[in-house]
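Dumped data.txt below, it's compact mmCIF, C-alpha atoms and all ligand atoms:
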```
# COMPACT_ATOMS: atom_id res chain seq x y z
CA MET A 1 185.91 132.88 197.31
CA ASN A 2 185.41 129.46 198.85
CA GLU A 3 182.87 128.41 201.52
CA GLN A 4 185.40 128.64 204.34
CA GLN A 5 186.34 132.17 203.32
CA ARG A 6 182.66 133.15 203.17
CA ARG A 7 182.22 131.86 206.73
CA LEU A 8 185.30 133.80 207.82
CA LEU A 9 183.91 137.01 206.33
CA ALA A 10 180.48 136.36 207.84
CA THR A 11 182.01 136.09 211.32
CA ALA A 12 184.51 138.96 210.95
CA GLY A 13 182.22 141.47 212.70
CA LEU A 14 181.65 143.58 209.58
CA ALA A 15 178.78 146.03 210.07
CA GLN A 16 177.37 145.77 206.54
CA LEU A 17 178.09 142.69 204.48
CA ARG A 18 176.09 141.28 201.58
CA PHE A 19 176.91 138.04 199.80
CA ASP A 20 176.16 137.56 196.08
CA ALA A 21 175.48 141.27 195.65
CA PRO A 22 173.87 142.13 192.27
CA MET A 23 176.16 144.88 190.99
CA ALA A 24 173.39 146.27 188.78
CA GLU A 25 171.99 147.72 192.02
CA TYR A 26 175.25 149.53 192.75
CA CYS A 27 176.09 150.96 189.31
CA THR A 28 174.34 153.78 187.49
CA LEU A 29 174.31 151.68 184.28
CA ARG A 30 171.98 149.30 186.19
CA ALA A 31 173.62 146.23 184.66
CA GLY A 32 176.22 143.65 185.60
CA GLY A 33 176.72 140.37 187.42
CA ASN A 34 177.02 139.53 191.11
CA ALA A 35 179.97 140.22 193.38
CA ALA A 36 180.73 137.33 195.73
CA ALA A 37 180.53 139.86 198.58
CA LEU A 38 180.00 143.57 199.06
CA VAL A 39 181.04 145.33 202.25
CA ASP A 40 180.09 148.86 203.27
CA VAL A 41 182.87 149.81 205.67
CA GLN A 42 182.09 152.52 208.22
CA SER A 43 185.52 153.49 209.53
CA THR A 44 189.23 153.40 208.73
CA GLU A 45 189.68 150.82 211.46
CA GLU A 46 187.08 148.51 209.91
CA LEU A 47 188.63 149.03 206.47
CA ARG A 48 192.09 148.17 207.74
CA ARG A 49 190.84 145.03 209.51
CA LEU A 50 189.05 143.93 206.36
CA LEU A 51 192.06 144.52 204.10
CA VAL A 52 194.35 142.60 206.45
CA LEU A 53 191.89 139.69 206.46
CA LEU A 54 191.59 139.73 202.66
CA ALA A 55 195.39 139.82 202.28
CA GLU A 56 195.81 136.86 204.66
CA GLU A 57 193.19 134.88 202.78
CA GLU A 58 194.40 136.06 199.37
CA ILE A 59 190.89 137.22 198.50
CA LYS A 60 190.85 139.90 195.83
CA PHE A 61 189.00 143.16 196.35
CA PHE A 62 187.99 146.29 194.53
CA VAL A 63 186.96 149.62 196.08
CA ILE A 64 184.11 151.48 194.43
CA GLY A 65 182.32 154.75 195.02
CA ARG A 66 178.84 155.42 193.67
CA GLY A 67 179.26 153.14 190.65
CA SER A 68 178.84 155.96 188.13
CA ASN A 69 181.82 154.98 185.99
CA LEU A 70 181.71 151.27 186.40
CA LEU A 71 180.49 148.07 184.75
CA VAL A 72 180.90 144.57 186.15
CA THR A 73 180.66 141.89 183.46
CA ASP A 74 177.70 139.50 183.62
CA SER A 75 179.90 136.66 184.85
CA GLY A 76 180.37 138.67 188.05
CA TYR A 77 183.30 139.15 190.37
CA SER A 78 184.55 136.46 192.74
CA GLY A 79 186.17 138.86 195.20
CA VAL A 80 184.94 141.52 197.61
CA ILE A 81 183.65 144.91 196.53
CA ILE A 82 184.21 147.58 199.17
CA ARG A 83 182.33 150.86 199.55
CA LEU A 84 183.29 153.60 202.00
CA LYS A 85 180.42 154.84 204.19
CA GLY A 86 180.00 156.21 207.74
CA GLU A 87 183.00 158.33 208.73
CA PHE A 88 184.08 158.53 205.08
CA ASN A 89 181.14 160.85 204.37
CA ALA A 90 182.55 163.71 206.46
CA PHE A 91 184.05 166.95 205.17
CA ALA A 92 185.41 170.01 206.97
CA VAL A 93 187.59 173.06 206.64
CA GLN A 94 191.08 171.99 207.63
CA GLU A 95 192.95 175.27 207.37
CA ARG A 96 191.76 178.79 206.62
CA GLY A 97 194.19 181.31 205.14
CA PRO A 98 193.62 184.91 203.96
CA ASP A 99 192.83 183.91 200.39
CA PHE A 100 193.01 180.14 200.34
CA THR A 101 191.21 177.43 202.32
CA VAL A 102 192.00 173.75 202.64
CA VAL A 103 189.02 171.40 202.76
CA LYS A 104 189.36 167.76 203.75
CA ALA A 105 186.69 165.50 202.26
CA GLY A 106 186.09 161.82 203.01
CA ALA A 107 186.21 159.57 199.96
CA GLY A 108 182.61 158.44 200.42
CA CYS A 109 181.11 161.96 200.12
CA ALA A 110 178.78 162.52 197.21
CA LEU A 111 180.24 165.23 194.96
CA GLY A 112 176.93 167.11 194.83
CA LYS A 113 176.82 167.34 198.63
CA LEU A 114 180.41 168.56 198.82
CA VAL A 115 179.91 171.21 196.14
CA SER A 116 176.71 172.44 197.77
CA TRP A 117 178.39 172.68 201.19
CA CYS A 118 181.38 174.53 199.67
CA SER A 119 178.98 177.01 198.06
CA GLY A 120 177.37 177.68 201.43
CA GLN A 121 180.80 178.29 202.96
CA GLY A 122 181.75 180.71 200.17
CA LEU A 123 184.43 178.32 198.92
CA ALA A 124 184.96 178.27 195.17
CA GLY A 125 186.79 175.94 192.81
CA LEU A 126 184.82 172.69 192.68
CA GLU A 127 181.72 174.04 190.88
CA PHE A 128 182.63 172.14 187.68
CA LEU A 129 181.85 168.89 189.54
CA VAL A 130 178.19 169.74 189.95
CA GLY A 131 176.02 167.20 188.16
CA ILE A 132 178.67 164.45 188.23
CA PRO A 133 176.98 161.67 190.21
CA GLY A 134 180.16 160.26 191.80
CA SER A 135 181.95 160.24 195.13
CA VAL A 136 185.08 162.11 196.16
CA GLY A 137 187.10 158.86 196.01
CA GLY A 138 185.83 158.04 192.53
CA ALA A 139 186.40 161.59 191.30
CA VAL A 140 189.97 161.59 192.59
CA ARG A 141 190.72 158.14 191.15
CA MET A 142 189.26 159.17 187.78
CA ASN A 143 190.62 162.73 187.90
CA ALA A 144 187.06 163.68 187.00
CA GLY A 145 186.59 166.82 184.99
CA ALA A 146 184.17 169.00 183.10
CA TRP A 147 184.05 172.39 181.41
CA GLY A 148 187.84 172.56 181.07
CA SER A 149 188.65 171.82 184.72
CA GLU A 150 189.83 168.66 186.45
CA VAL A 151 189.96 167.47 190.07
CA GLY A 152 193.76 167.41 189.90
CA GLU A 153 193.85 171.22 189.65
CA ARG A 154 192.40 171.54 193.16
CA LEU A 155 193.84 168.39 194.73
CA LEU A 156 196.52 168.96 197.38
CA ALA A 157 196.90 165.47 198.83
CA ILE A 158 195.22 162.13 199.39
CA GLU A 159 195.07 159.63 202.20
CA PHE A 160 194.79 155.99 201.26
CA VAL A 161 194.99 152.55 202.83
CA ASP A 162 197.19 150.09 200.99
CA LYS A 163 196.40 146.42 200.49
CA GLU A 164 198.30 145.47 203.66
CA GLY A 165 196.10 147.82 205.70
CA ASN A 166 198.67 150.64 206.18
CA ILE A 167 197.41 154.23 206.20
CA ARG A 168 199.46 156.32 203.78
CA HIS A 169 199.51 159.85 202.42
CA SER A 170 200.63 161.31 199.10
CA SER A 171 200.87 164.95 198.17
CA ALA A 172 199.60 165.89 194.71
CA ALA A 173 203.25 166.21 193.62
CA GLU A 174 203.70 162.52 194.44
CA LEU A 175 200.77 161.49 192.23
CA ARG A 176 200.59 161.18 188.48
CA LEU A 177 197.40 162.85 187.35
CA SER A 178 196.41 162.60 183.73
CA TYR A 179 193.25 162.69 181.66
CA ARG A 180 190.70 160.62 183.64
CA ASN A 181 193.36 158.83 185.60
CA LEU A 182 195.42 158.99 188.74
CA ALA A 183 198.44 156.81 189.42
CA LEU A 184 200.74 156.52 192.39
CA VAL A 185 204.41 157.16 191.76
CA GLU A 186 205.01 154.04 193.86
CA GLY A 187 202.52 151.18 194.09
CA GLU A 188 199.35 150.22 192.31
CA ILE A 189 196.36 152.51 192.76
CA GLY A 190 193.92 149.71 191.85
CA LYS A 191 194.93 147.88 195.02
CA THR A 192 194.37 150.73 197.44
CA ALA A 193 191.41 152.48 199.01
CA ILE A 194 191.52 156.25 198.76
CA THR A 195 190.00 157.35 202.07
CA ALA A 196 190.21 161.16 201.97
CA ALA A 197 191.33 164.06 199.80
CA TRP A 198 192.45 167.61 200.54
CA PHE A 199 191.39 170.39 198.17
CA GLY A 200 192.65 173.98 197.93
CA LEU A 201 189.75 176.41 197.42
CA ASN A 202 189.36 180.17 197.01
CA TYR A 203 186.83 182.54 198.52
CA ASP A 204 183.91 183.94 196.59
CA GLN A 205 180.38 185.09 197.30
CA GLU A 206 177.93 182.24 197.82
CA GLU A 207 175.53 183.76 195.27
CA LYS A 208 178.17 183.81 192.54
CA ILE A 209 179.27 180.22 193.27
CA ARG A 210 175.68 178.99 193.19
CA SER A 211 174.96 180.79 189.95
CA ARG A 212 178.01 179.15 188.29
CA CYS A 213 176.73 175.76 189.52
CA ALA A 214 173.27 176.49 188.13
CA ALA A 215 174.73 177.47 184.75
CA TYR A 216 176.72 174.22 184.56
CA LEU A 217 173.59 172.21 185.38
CA VAL A 218 171.65 173.94 182.62
CA GLN A 219 174.42 173.18 180.11
CA ARG A 220 174.46 169.53 181.21
CA LYS A 221 170.70 169.20 180.79
CA GLY A 222 170.92 170.47 177.24
CA LYS A 223 173.69 168.10 176.20
CA GLN A 224 173.13 164.85 178.07
CA PRO A 225 170.27 162.33 178.14
CA ALA A 226 168.23 163.22 181.21
CA GLY A 227 167.21 160.43 183.55
CA ALA A 228 168.65 157.58 181.44
CA ALA A 229 170.73 154.87 183.12
CA SER A 230 174.30 155.46 181.94
CA ALA A 231 177.86 155.84 183.15
CA GLY A 232 178.31 159.24 181.54
CA SER A 233 180.82 159.29 178.70
CA PHE A 234 181.62 155.70 177.86
CA PHE A 235 184.85 156.39 175.96
CA LYS A 236 187.69 158.81 176.62
CA ASN A 237 188.03 161.60 174.11
CA PRO A 238 190.97 160.90 171.80
CA PRO A 239 193.54 163.73 171.59
CA GLY A 240 192.10 166.69 169.68
CA ASP A 241 188.70 165.12 169.10
CA PHE A 242 185.53 163.95 170.85
CA ALA A 243 184.44 160.34 171.11
CA GLY A 244 180.79 161.47 170.82
CA ARG A 245 181.49 163.35 167.57
CA LEU A 246 183.23 160.31 166.06
CA ILE A 247 180.49 157.85 167.07
CA GLU A 248 177.83 160.21 165.72
CA ALA A 249 179.78 160.69 162.47
CA ALA A 250 179.94 156.90 162.16
CA GLY A 251 176.13 157.00 162.01
CA LEU A 252 175.59 155.20 165.29
CA LYS A 253 173.34 157.59 167.21
CA GLY A 254 170.33 155.55 168.32
CA ALA A 255 171.98 152.19 167.42
CA SER A 256 171.16 149.42 169.87
CA CYS A 257 172.13 145.98 171.02
CA GLY A 258 169.57 144.17 173.14
CA ARG A 259 168.34 146.77 175.60
CA ALA A 260 171.47 148.94 175.34
CA MET A 261 171.41 151.98 173.10
CA ILE A 262 173.72 154.74 171.91
CA SER A 263 171.90 157.80 173.15
CA PRO A 264 170.26 159.86 170.41
CA VAL A 265 171.06 162.91 172.59
CA HIS A 266 174.81 162.33 173.08
CA ALA A 267 176.58 159.58 171.13
CA ASN A 268 179.21 158.95 173.82
CA PHE A 269 176.48 157.98 176.29
CA LEU A 270 175.58 154.30 176.15
CA VAL A 271 172.27 153.98 177.93
CA ASN A 272 170.40 151.09 179.46
CA THR A 273 166.85 151.44 178.18
CA GLY A 274 165.64 148.92 180.76
CA GLY A 275 166.93 145.41 181.42
CA ALA A 276 170.15 145.62 179.36
CA THR A 277 172.85 143.17 180.34
CA ALA A 278 176.51 144.09 180.66
CA THR A 279 177.02 141.88 177.60
CA ASP A 280 174.58 144.06 175.58
CA ILE A 281 176.41 147.21 176.67
CA LEU A 282 179.87 145.83 175.94
CA ALA A 283 178.79 144.46 172.55
CA LEU A 284 177.42 147.88 171.62
CA ALA A 285 180.62 149.54 172.81
CA GLU A 286 182.66 147.13 170.67
CA GLN A 287 180.45 147.93 167.66
CA ALA A 288 181.06 151.66 168.18
CA ARG A 289 184.79 151.12 168.55
CA ALA A 290 185.03 148.93 165.46
CA GLU A 291 182.95 151.32 163.35
CA VAL A 292 184.91 154.40 164.46
CA PHE A 293 188.18 152.59 163.79
CA ALA A 294 187.03 151.42 160.36
CA ARG A 295 185.99 154.96 159.35
CA PHE A 296 188.54 157.17 161.06
CA GLY A 297 191.42 154.90 162.13
CA ILE A 298 190.96 155.96 165.77
CA TRP A 299 190.76 153.32 168.48
CA LEU A 300 188.55 154.54 171.30
CA GLU A 301 189.52 153.65 174.85
CA PRO A 302 186.77 153.13 177.43
CA GLU A 303 186.63 155.64 180.24
CA VAL A 304 184.21 153.37 182.11
CA GLN A 305 186.05 150.95 184.37
CA ILE A 306 185.14 147.43 183.31
CA ILE A 307 185.51 144.87 186.06
CA GLN A 308 186.03 141.34 184.87
CA GLU A 309 187.75 138.44 186.55
CA ALA A 310 190.77 138.64 184.28
CA ASN A 311 191.69 142.26 185.08
CA ALA A 312 190.38 142.82 188.60
C1 LIG A 401 175.17 161.17 184.07
C2 LIG A 401 176.67 161.11 184.28
C3 LIG A 401 177.45 162.21 184.00
C4 LIG A 401 178.84 162.15 184.19
N1 LIG A 401 179.59 163.25 183.90
C5 LIG A 401 180.93 163.21 184.11
C6 LIG A 401 181.73 164.35 183.82
O1 LIG A 401 181.26 165.40 183.41
N2 LIG A 401 183.07 164.26 184.03
C7 LIG A 401 183.66 163.12 184.53
O2 LIG A 401 184.89 163.10 184.72
N3 LIG A 401 182.91 162.02 184.79
C8 LIG A 401 181.57 162.04 184.61
N4 LIG A 401 180.82 160.92 184.88
C9 LIG A 401 181.49 159.67 185.31
C10 LIG A 401 181.58 159.48 186.84
O3 LIG A 401 180.50 160.10 187.51
C11 LIG A 401 182.90 160.01 187.41
O4 LIG A 401 184.01 159.33 186.85
C12 LIG A 401 182.96 159.85 188.94
O5 LIG A 401 184.06 160.55 189.43
C13 LIG A 401 183.06 158.40 189.38
O6 LIG A 401 182.85 158.37 190.78
P1 LIG A 401 182.22 157.09 191.50
O7 LIG A 401 182.26 157.33 192.96
O8 LIG A 401 180.89 156.77 190.93
O9 LIG A 401 183.28 155.98 191.11
P2 LIG A 401 182.97 154.48 190.66
O10 LIG A 401 182.26 154.48 189.36
O11 LIG A 401 182.36 153.73 191.76
O12 LIG A 401 184.46 153.97 190.42
C14 LIG A 401 185.22 154.47 189.35
C15 LIG A 401 186.68 154.05 189.56
O13 LIG A 401 187.18 154.69 190.72
C16 LIG A 401 187.66 153.71 191.65
N5 LIG A 401 187.32 154.18 192.99
C17 LIG A 401 186.14 154.72 193.41
N6 LIG A 401 186.24 155.07 194.70
C18 LIG A 401 187.49 154.74 195.10
C19 LIG A 401 188.20 154.84 196.34
N7 LIG A 401 187.64 155.36 197.44
N8 LIG A 401 189.47 154.38 196.40
C20 LIG A 401 190.06 153.85 195.30
N9 LIG A 401 189.46 153.74 194.12
C21 LIG A 401 188.19 154.17 194.02
C22 LIG A 401 186.95 152.42 191.28
O14 LIG A 401 187.70 151.30 191.68
C23 LIG A 401 186.86 152.55 189.77
O15 LIG A 401 188.10 152.19 189.19
C24 LIG A 401 179.44 160.96 184.69
C25 LIG A 401 178.62 159.84 184.98
C26 LIG A 401 177.25 159.92 184.78
C27 LIG A 401 176.41 158.71 185.12
```
Mind converting the file's structure to structure tokens?
Ligand SMILES: Cc1cc2nc3c(=O)[nH]c(=O)nc-3n(C[C@H](O)[C@H](O)[C@H](O)COP(=O)(O)OP(=O)(O)OC[C@H]3O[C@@H](n4cnc5c(N)ncnc54)[C@H](O)[C@@H]3O)c2cc1C
Amino acid sequence: MNEQQRRLLATAGLAQLRFDAPMAEYCTLRAGGNAAALVDVQSTEELRRLLVLLAEEEIKFFVIGRGSNLLVTDSGYSGVIIRLKGEFNAFAVQERGPDFTVVKAGAGCALGKLVSWCSGQGLAGLEFLVGIPGSVGGAVRMNAGAWGSEVGERLLAIEFVDKEGNIRHSSAAELRLSYRNLALVEGEIGKTAITAAWFGLNYDQEEKIRSRCAAYLVQRKGKQPAGAASAGSFFKNPPGDFAGRLIEAAGLKGASCGRAMISPVHANFLVNTGGATATDILALAEQARAEVFARFGIWLEPEVQIIQEANA
């Protein structure tokens, strides 16, 4: 982004704009370079205005949620990172049937908040998301899942704003949902902002829903490094196997590079032990990949979205 474009952004009436934003502050891995600008948009109207401006100026952008599956390389990102706040945090029952309820959730909602609210309403089906520190938008984009369930199983439709600023809708049938991915049948998902999602939920007693949530949280605590800065599972599980099992079998539990370490608790968690750079983390990930490939002939694919100038 050049100086003139920075001035244009600064005078565009955006409610929350930060230049040279250190992405380590916005990602759970607590590492990464600066984004030229970061905008917290508060409404669909503000988002549309921003996207139109960026399209006119040919400034690239990237929408993020709570940064829990994300790593920006240390060289940073020369475009605009957008987060959805304000009206995008709302959720409500949209339609109530005899045995099925439709809930509309804004993309900026924290998953934990949504699941807790659903429990209070006696709405079941999203309990598996408890403990995943992402947003609705991020969970939809990643088709987040746990304990044998995925977001796609409950997703009815999404609303999104395309890169020209048009508001669009897609039913689940018009989306391609796969393991930790969502794609549009038409258009490029990476160049859109998912603004809301509709979920189909069943009724159950609040007590039972909350007790399922509690059980999932207990299981998570036993299997994952508590309190460590990470992005959850770094690699996707290859078909029929587990990335964590392979990395552990390659003898890499506890291996480190700079301040990045393969968690001794769960080998698919790469953790920042304090002050790791994105370069440390990526070097460690490459070491794990190379070692697993050398031993088992399996090439692990990152689940974490890596933002670097070349691909973003
Ligand atoms: C401790 C821990 C445990 C985890 N456990 C799980 C787990 O059990 N299962 C699981 O699936 N994941 C897990 N994760 C990973 C992560 O939390 C999920 O992938 C989550 O859904 C990402 O949401 P986010 O809002 O943080 O997205 P981000 O990390 O901010 O973004 C991830 C991707 O989604 C895109 N994106 C985000 N919001 C939008 C939007 N509104 N419109 C368009 N694109 C968007 C971004 O561009 C990026 O490509 C875990 C992470 C941690 C740190």
Query raised in the report: Near Leu8 (chain A), counting all atoms listed in the file, which residues have an atom at most 10 Å away, once you skip same-chain residues fewer than 5 positions from it, shown as number ranges by chain?
Result: A: 2-3, 13, 53, 57
For the contact check between chain A and ligand LIG 401 (chain A), emit one row per residue of chain A within 7 Å, containing the shortest atom pair and the distance in Å rounded to one decimal, counting all atoms listed in the file, chain then rising number order, as CSV.
```
residue,atom,partner,partner_atom,distance
A:Thr28,CA,A:LIG401,C27,5.8
A:Phe62,CA,A:LIG401,O14,5.8
A:Val63,CA,A:LIG401,O14,4.8
A:Ile64,CA,A:LIG401,O11,3.9
A:Gly65,CA,A:LIG401,O7,3.3
A:Arg66,CA,A:LIG401,O8,3.7
A:Gly67,CA,A:LIG401,O11,3.3
A:Ser68,CA,A:LIG401,O8,3.6
A:Asn69,CA,A:LIG401,O10,3.4
A:Leu70,CA,A:LIG401,O10,4.4
A:Leu84,CA,A:LIG401,N7,6.5
A:Ala107,CA,A:LIG401,N7,5.1
A:Gly108,CA,A:LIG401,N7,6.6
A:Gly131,CA,A:LIG401,C3,6.7
A:Ile132,CA,A:LIG401,N1,4.6
A:Pro133,CA,A:LIG401,O3,4.7
A:Gly134,CA,A:LIG401,O6,3.4
A:Ser135,CA,A:LIG401,O7,3.6
A:Val136,CA,A:LIG401,O7,6.4
A:Gly137,CA,A:LIG401,N7,3.8
A:Gly138,CA,A:LIG401,C17,3.4
A:Ala139,CA,A:LIG401,O5,3.2
A:Val140,CA,A:LIG401,O5,6.8
A:Arg141,CA,A:LIG401,O13,5.0
A:Met142,CA,A:LIG401,O4,5.3
A:Asn143,CA,A:LIG401,O2,6.6
A:Ala144,CA,A:LIG401,O2,3.2
A:Gly145,CA,A:LIG401,O2,4.1
A:Ala146,CA,A:LIG401,O1,4.6
A:Arg180,CA,A:LIG401,O2,6.4
A:Ile189,CA,A:LIG401,C20,6.9
A:Gly190,CA,A:LIG401,O14,6.4
A:Thr192,CA,A:LIG401,C20,5.7
A:Ala193,CA,A:LIG401,N8,3.8
A:Ile194,CA,A:LIG401,N8,3.6
A:Thr195,CA,A:LIG401,N7,5.6
A:Ser230,CA,A:LIG401,C27,5.0
A:Ala231,CA,A:LIG401,C27,3.8
A:Gly232,CA,A:LIG401,C26,3.5
A:Ser233,CA,A:LIG401,C24,6.4
A:Gln305,CA,A:LIG401,O15,5.4
```
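Between Gly274 (chain A) and the candidates A:Asn181, A:Ala228, A:Arg154, A:Arg245, the tightest atom-to-atom separation, counting all atoms listed in the file, involves A:Ala228.
The nearest approach to Asp20 (chain A) among the residues A:Ser263, A:Asn34, A:Ser75, A:Gln224, with all atoms listed in the file taken into account, belongs to A:Asn34.
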Find the residues of region 100-179 of chain A that sit at most 12 Å from region 37-47 of chain A; for each, write down the nearest two atoms and how far apart they are in Å, to one decimal. Count all atoms listed in the file. Sort by chain, then by number going up, and give it as JSON lines.
```
{"residue": "A:Gly106", "atom": "CA", "partner": "A:Ser43", "partner_atom": "CA", "distance": 10.6}
{"residue": "A:Ala107", "atom": "CA", "partner": "A:Thr44", "partner_atom": "CA", "distance": 11.1}
{"residue": "A:Gly108", "atom": "CA", "partner": "A:Gln42", "partner_atom": "CA", "distance": 9.8}
{"residue": "A:Glu159", "atom": "CA", "partner": "A:Thr44", "partner_atom": "CA", "distance": 10.7}
{"residue": "A:Phe160", "atom": "CA", "partner": "A:Thr44", "partner_atom": "CA", "distance": 9.7}
{"residue": "A:Val161", "atom": "CA", "partner": "A:Leu47", "partner_atom": "CA", "distance": 8.1}
{"residue": "A:Asp162", "atom": "CA", "partner": "A:Leu47", "partner_atom": "CA", "distance": 10.2}
{"residue": "A:Lys163", "atom": "CA", "partner": "A:Leu47", "partner_atom": "CA", "distance": 10.1}
{"residue": "A:Glu164", "atom": "CA", "partner": "A:Leu47", "partner_atom": "CA", "distance": 10.7}
{"residue": "A:Gly165", "atom": "CA", "partner": "A:Leu47", "partner_atom": "CA", "distance": 7.6}
{"residue": "A:Asn166", "atom": "CA", "partner": "A:Thr44", "partner_atom": "CA", "distance": 10.2}
{"residue": "A:Ile167", "atom": "CA", "partner": "A:Thr44", "partner_atom": "CA", "distance": 8.6}
{"residue": "A:Arg168", "atom": "CA", "partner": "A:Thr44", "partner_atom": "CA", "distance": 11.7}
```
Query raised in the report: Which of these, A:Leu270, A:Val151, A:Ala249, A:Leu201, has the shortest distance to Arg30 (chain A) once you count only C-alpha atoms?
Result: A:Leu270
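We find CA of Val93 (chain A) and CA of Ala110 (chain A) to be spaced 16.7 Å apart.
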As JSON: centre and edge lengths in Å, one decimal, of the axis-aligned box holding region 244-259 of chain A with 5 Å per side:
```
{"center_x": 175.8, "center_y": 153.8, "center_z": 168.8, "size_x": 24.9, "size_y": 29.2, "size_z": 23.6}
```
